[in-house]
Amino acid sequence: MSDIKNHILLQLKLTKNIMENEHNKYLKPYGISNEQGLLLKLVYEMPGLSQTQIAEELHKDKTTITRMINTLIKKDKLMRKSSLEDKRVFEIYVTEKTKENVKKLTPVFEKQKKDLEDIIGESDYNTTIKVLEKIKKYYLELNQ
């Protein structure tokens with residue numbers, strides 16, 4: 001019988017929850033959650049993505065992404081524009097105000113990465129990223 005505490009899925013989930021709670025403290029003054037912050041950073045770095053593309057990039061279902069986008073549009077953080085190529089498709093952009101806030105938040109994301117590198121070392125950090133990418137790739141390929 002295996003010890004549940006040594007199960008990687010449990011450890012990933014617990015670590016994610018703890019890190020997300022901590023990160024939410026930094027994002028609270030901006031009125032966004034960690035997940036919303038990741039979505040905003042993605043759209044900031046890749047303006048004009050469709051909702052489907054955002055869902056694919058973040059590995060979330062389209063309904064969840066649509067709900068997140070609608071919430072962020074109501075908060076005046078994102079905007080939709082009709083695609084010039086296909087009027088049925090909406091491209092997503094950050095607002096000007098959000099561009100400034102994402103620039104302010106970039107050091108928060110960078111600090112989180114640096115803190116982790118300080119805790120486990122740069123080599124282990126890079127190894128962890130590679131291992132997580134392998135695990136993610138394995139599970140993504142199961143569904144293809």
# chains A, B, ... in the order shown; residues from 1 in each chain; ligands from 1
>>> residues_around(residues="Ile32 in chain A", least_positions_apart="5", cutoff="10 Å", atoms="only C-alpha atoms", output="short mmCIF file (atom, residue, chain, number, x, y, z; two decimals) with N, CA and C atoms, in the first residue's frame")
data_model
loop_
_atom_site.label_atom_id
_atom_site.label_comp_id
_atom_site.auth_asym_id
_atom_site.auth_seq_id
_atom_site.Cartn_x
_atom_site.Cartn_y
_atom_site.Cartn_z
N ASN A 24 -2.32 35.25 -4.91
CA ASN A 24 -3.56 36.03 -4.88
C ASN A 24 -3.42 37.26 -3.98
N LYS A 25 -2.60 37.17 -2.93
CA LYS A 25 -2.39 38.31 -2.04
C LYS A 25 -1.79 39.49 -2.83
N TYR A 26 -0.85 39.19 -3.73
CA TYR A 26 -0.22 40.25 -4.52
C TYR A 26 -1.18 40.84 -5.55
N LEU A 27 -2.11 40.01 -6.02
CA LEU A 27 -3.01 40.44 -7.08
C LEU A 27 -4.28 41.12 -6.57
N GLY A 37 -5.04 36.72 -13.60
CA GLY A 37 -3.74 37.33 -13.88
C GLY A 37 -2.99 36.60 -14.97
N LEU A 38 -3.04 35.27 -14.94
CA LEU A 38 -2.38 34.48 -15.98
C LEU A 38 -3.03 34.72 -17.35
N LEU A 40 -4.70 37.44 -18.27
CA LEU A 40 -4.34 38.80 -18.70
C LEU A 40 -2.91 38.85 -19.23
N THR A 71 -16.08 38.18 -17.27
CA THR A 71 -15.83 38.85 -15.99
C THR A 71 -14.80 39.96 -16.15
N LEU A 72 -13.73 39.68 -16.88
CA LEU A 72 -12.67 40.67 -17.07
C LEU A 72 -13.11 41.81 -17.98
N LYS A 75 -15.02 44.12 -15.80
CA LYS A 75 -14.09 44.87 -14.95
C LYS A 75 -13.24 45.85 -15.77
N LYS A 77 -11.01 45.20 -18.05
CA LYS A 77 -9.62 44.76 -18.15
C LYS A 77 -9.33 44.14 -19.52
#
>>> select_by_dssp(residues="range 33-116 of chain A", states="alpha helix (DSSP H)", output="JSON, numbers by chain")
{"A": [34, 35, 36, 37, 38, 39, 40, 41, 42, 43, 44, 45, 51, 52, 53, 54, 55, 56, 57, 58, 62, 63, 64, 65, 66, 67, 68, 69, 70, 71, 72, 73, 74, 96, 97, 98, 99, 100, 101, 102, 103, 104, 105, 106, 107, 108, 109, 110, 111, 112, 113, 114, 115, 116]}
>>> write_last_selection(atoms="N, CA and C atoms", output="compact mmCIF listing (two decimals), in the first residue's frame")
# COMPACT_ATOMS: atom_id res chain seq x y z
N ASN A 34 -5.36 34.88 -9.30
CA ASN A 34 -4.18 34.32 -9.97
C ASN A 34 -4.53 33.84 -11.38
N GLU A 35 -5.64 33.12 -11.53
CA GLU A 35 -6.03 32.63 -12.85
C GLU A 35 -6.32 33.77 -13.81
N GLN A 36 -6.99 34.80 -13.32
CA GLN A 36 -7.26 35.96 -14.17
C GLN A 36 -5.97 36.66 -14.55
N GLY A 37 -5.04 36.72 -13.60
CA GLY A 37 -3.74 37.33 -13.88
C GLY A 37 -2.99 36.60 -14.97
N LEU A 38 -3.04 35.27 -14.94
CA LEU A 38 -2.38 34.48 -15.98
C LEU A 38 -3.03 34.72 -17.35
N LEU A 39 -4.37 34.79 -17.35
CA LEU A 39 -5.08 35.05 -18.60
C LEU A 39 -4.72 36.43 -19.13
N LEU A 40 -4.70 37.44 -18.27
CA LEU A 40 -4.34 38.80 -18.70
C LEU A 40 -2.91 38.85 -19.23
N LYS A 41 -1.99 38.18 -18.55
CA LYS A 41 -0.59 38.17 -19.00
C LYS A 41 -0.48 37.49 -20.37
N LEU A 42 -1.21 36.40 -20.56
CA LEU A 42 -1.21 35.72 -21.85
C LEU A 42 -1.72 36.64 -22.96
N VAL A 43 -2.85 37.29 -22.73
CA VAL A 43 -3.44 38.16 -23.75
C VAL A 43 -2.55 39.39 -23.98
N TYR A 44 -1.93 39.87 -22.93
CA TYR A 44 -0.98 41.00 -23.06
C TYR A 44 0.18 40.60 -23.97
N GLU A 45 0.70 39.40 -23.76
CA GLU A 45 1.86 38.94 -24.54
C GLU A 45 1.48 38.44 -25.92
N GLN A 51 -10.96 33.24 -28.22
CA GLN A 51 -11.29 32.56 -26.97
C GLN A 51 -10.87 31.10 -27.05
N THR A 52 -11.02 30.49 -28.21
CA THR A 52 -10.62 29.08 -28.38
C THR A 52 -9.11 28.94 -28.21
N GLN A 53 -8.34 29.85 -28.77
CA GLN A 53 -6.89 29.80 -28.65
C GLN A 53 -6.46 29.99 -27.19
N ILE A 54 -7.13 30.89 -26.49
CA ILE A 54 -6.82 31.10 -25.07
C ILE A 54 -7.11 29.83 -24.28
N ALA A 55 -8.25 29.20 -24.56
CA ALA A 55 -8.61 27.95 -23.88
C ALA A 55 -7.53 26.89 -24.12
N GLU A 56 -7.05 26.79 -25.35
CA GLU A 56 -6.01 25.82 -25.69
C GLU A 56 -4.70 26.14 -24.98
N GLU A 57 -4.32 27.40 -24.96
CA GLU A 57 -3.06 27.80 -24.32
C GLU A 57 -3.07 27.53 -22.82
N LEU A 58 -4.22 27.77 -22.18
CA LEU A 58 -4.32 27.62 -20.73
C LEU A 58 -4.85 26.25 -20.30
N LYS A 62 -13.63 25.80 -22.96
CA LYS A 62 -14.08 27.07 -23.55
C LYS A 62 -15.08 27.80 -22.67
N THR A 63 -15.95 27.06 -21.99
CA THR A 63 -16.96 27.68 -21.13
C THR A 63 -16.30 28.45 -19.99
N THR A 64 -15.30 27.85 -19.37
CA THR A 64 -14.58 28.50 -18.27
C THR A 64 -13.88 29.76 -18.77
N ILE A 65 -13.23 29.66 -19.92
CA ILE A 65 -12.52 30.81 -20.49
C ILE A 65 -13.50 31.92 -20.85
N THR A 66 -14.63 31.56 -21.44
CA THR A 66 -15.64 32.57 -21.80
C THR A 66 -16.12 33.30 -20.54
N ARG A 67 -16.37 32.54 -19.48
CA ARG A 67 -16.81 33.14 -18.22
C ARG A 67 -15.73 34.08 -17.67
N MET A 68 -14.48 33.65 -17.69
CA MET A 68 -13.38 34.49 -17.20
C MET A 68 -13.26 35.76 -18.04
N ILE A 69 -13.34 35.61 -19.35
CA ILE A 69 -13.24 36.77 -20.24
C ILE A 69 -14.39 37.73 -19.99
N ASN A 70 -15.61 37.22 -19.87
CA ASN A 70 -16.77 38.08 -19.61
C ASN A 70 -16.59 38.86 -18.30
N THR A 71 -16.08 38.18 -17.27
CA THR A 71 -15.83 38.85 -15.99
C THR A 71 -14.80 39.96 -16.15
N LEU A 72 -13.73 39.68 -16.88
CA LEU A 72 -12.67 40.67 -17.07
C LEU A 72 -13.11 41.81 -17.98
N ILE A 73 -14.02 41.55 -18.90
CA ILE A 73 -14.58 42.63 -19.73
C ILE A 73 -15.44 43.54 -18.85
N LYS A 74 -16.24 42.96 -17.98
CA LYS A 74 -17.07 43.76 -17.05
C LYS A 74 -16.21 44.62 -16.14
N GLU A 96 -6.07 49.57 -22.31
CA GLU A 96 -4.87 50.39 -22.05
C GLU A 96 -4.53 50.39 -20.56
N LYS A 97 -5.55 50.54 -19.71
CA LYS A 97 -5.33 50.53 -18.26
C LYS A 97 -4.70 49.20 -17.82
N THR A 98 -5.18 48.12 -18.41
CA THR A 98 -4.66 46.80 -18.05
C THR A 98 -3.22 46.63 -18.51
N LYS A 99 -2.88 47.21 -19.67
CA LYS A 99 -1.48 47.14 -20.12
C LYS A 99 -0.55 47.70 -19.06
N GLU A 100 -0.93 48.82 -18.47
CA GLU A 100 -0.11 49.43 -17.42
C GLU A 100 -0.04 48.54 -16.19
N ASN A 101 -1.17 47.95 -15.81
CA ASN A 101 -1.19 47.07 -14.64
C ASN A 101 -0.38 45.80 -14.88
N VAL A 102 -0.43 45.24 -16.08
CA VAL A 102 0.35 44.04 -16.38
C VAL A 102 1.84 44.37 -16.29
N LYS A 103 2.21 45.56 -16.77
CA LYS A 103 3.62 45.98 -16.64
C LYS A 103 4.03 46.06 -15.18
N LYS A 104 3.11 46.54 -14.32
CA LYS A 104 3.39 46.62 -12.89
C LYS A 104 3.45 45.23 -12.26
N LEU A 105 2.65 44.30 -12.79
CA LEU A 105 2.60 42.94 -12.23
C LEU A 105 3.75 42.05 -12.69
N THR A 106 4.37 42.40 -13.80
CA THR A 106 5.45 41.57 -14.32
C THR A 106 6.52 41.29 -13.26
N PRO A 107 6.93 42.28 -12.46
CA PRO A 107 7.90 41.97 -11.41
C PRO A 107 7.39 40.96 -10.39
N VAL A 108 6.07 40.91 -10.16
CA VAL A 108 5.50 39.93 -9.22
C VAL A 108 5.73 38.52 -9.77
N PHE A 109 5.45 38.33 -11.07
CA PHE A 109 5.68 37.02 -11.70
C PHE A 109 7.17 36.68 -11.68
N GLU A 110 8.01 37.67 -11.95
CA GLU A 110 9.46 37.44 -11.97
C GLU A 110 9.98 37.12 -10.56
N LYS A 111 9.41 37.79 -9.54
CA LYS A 111 9.82 37.53 -8.16
C LYS A 111 9.44 36.11 -7.76
N GLN A 112 8.27 35.67 -8.16
CA GLN A 112 7.85 34.31 -7.83
C GLN A 112 8.83 33.30 -8.41
N LYS A 113 9.25 33.51 -9.65
CA LYS A 113 10.22 32.60 -10.29
C LYS A 113 11.55 32.66 -9.55
N LYS A 114 12.02 33.85 -9.23
CA LYS A 114 13.30 34.00 -8.53
C LYS A 114 13.25 33.36 -7.14
N ASP A 115 12.12 33.57 -6.43
CA ASP A 115 11.98 32.95 -5.10
C ASP A 115 12.10 31.44 -5.19
N LEU A 116 11.44 30.85 -6.19
CA LEU A 116 11.51 29.40 -6.36
C LEU A 116 12.93 28.95 -6.69
>>> closest_residue(among="A:Asp76, A:Ile4, A:Leu9, A:Pro47", to="Tyr30 in chain A", atoms="only C-alpha atoms")
A:Asp76
>>> select_by_dssp(residues="chain A", states="strand (DSSP E)", output="list in words")
Leu49, Ser50, Leu78, Met79, Arg80, Lys81, Ser82, Phe90, Glu91, Ile92, Tyr93 and Val94 of chain A
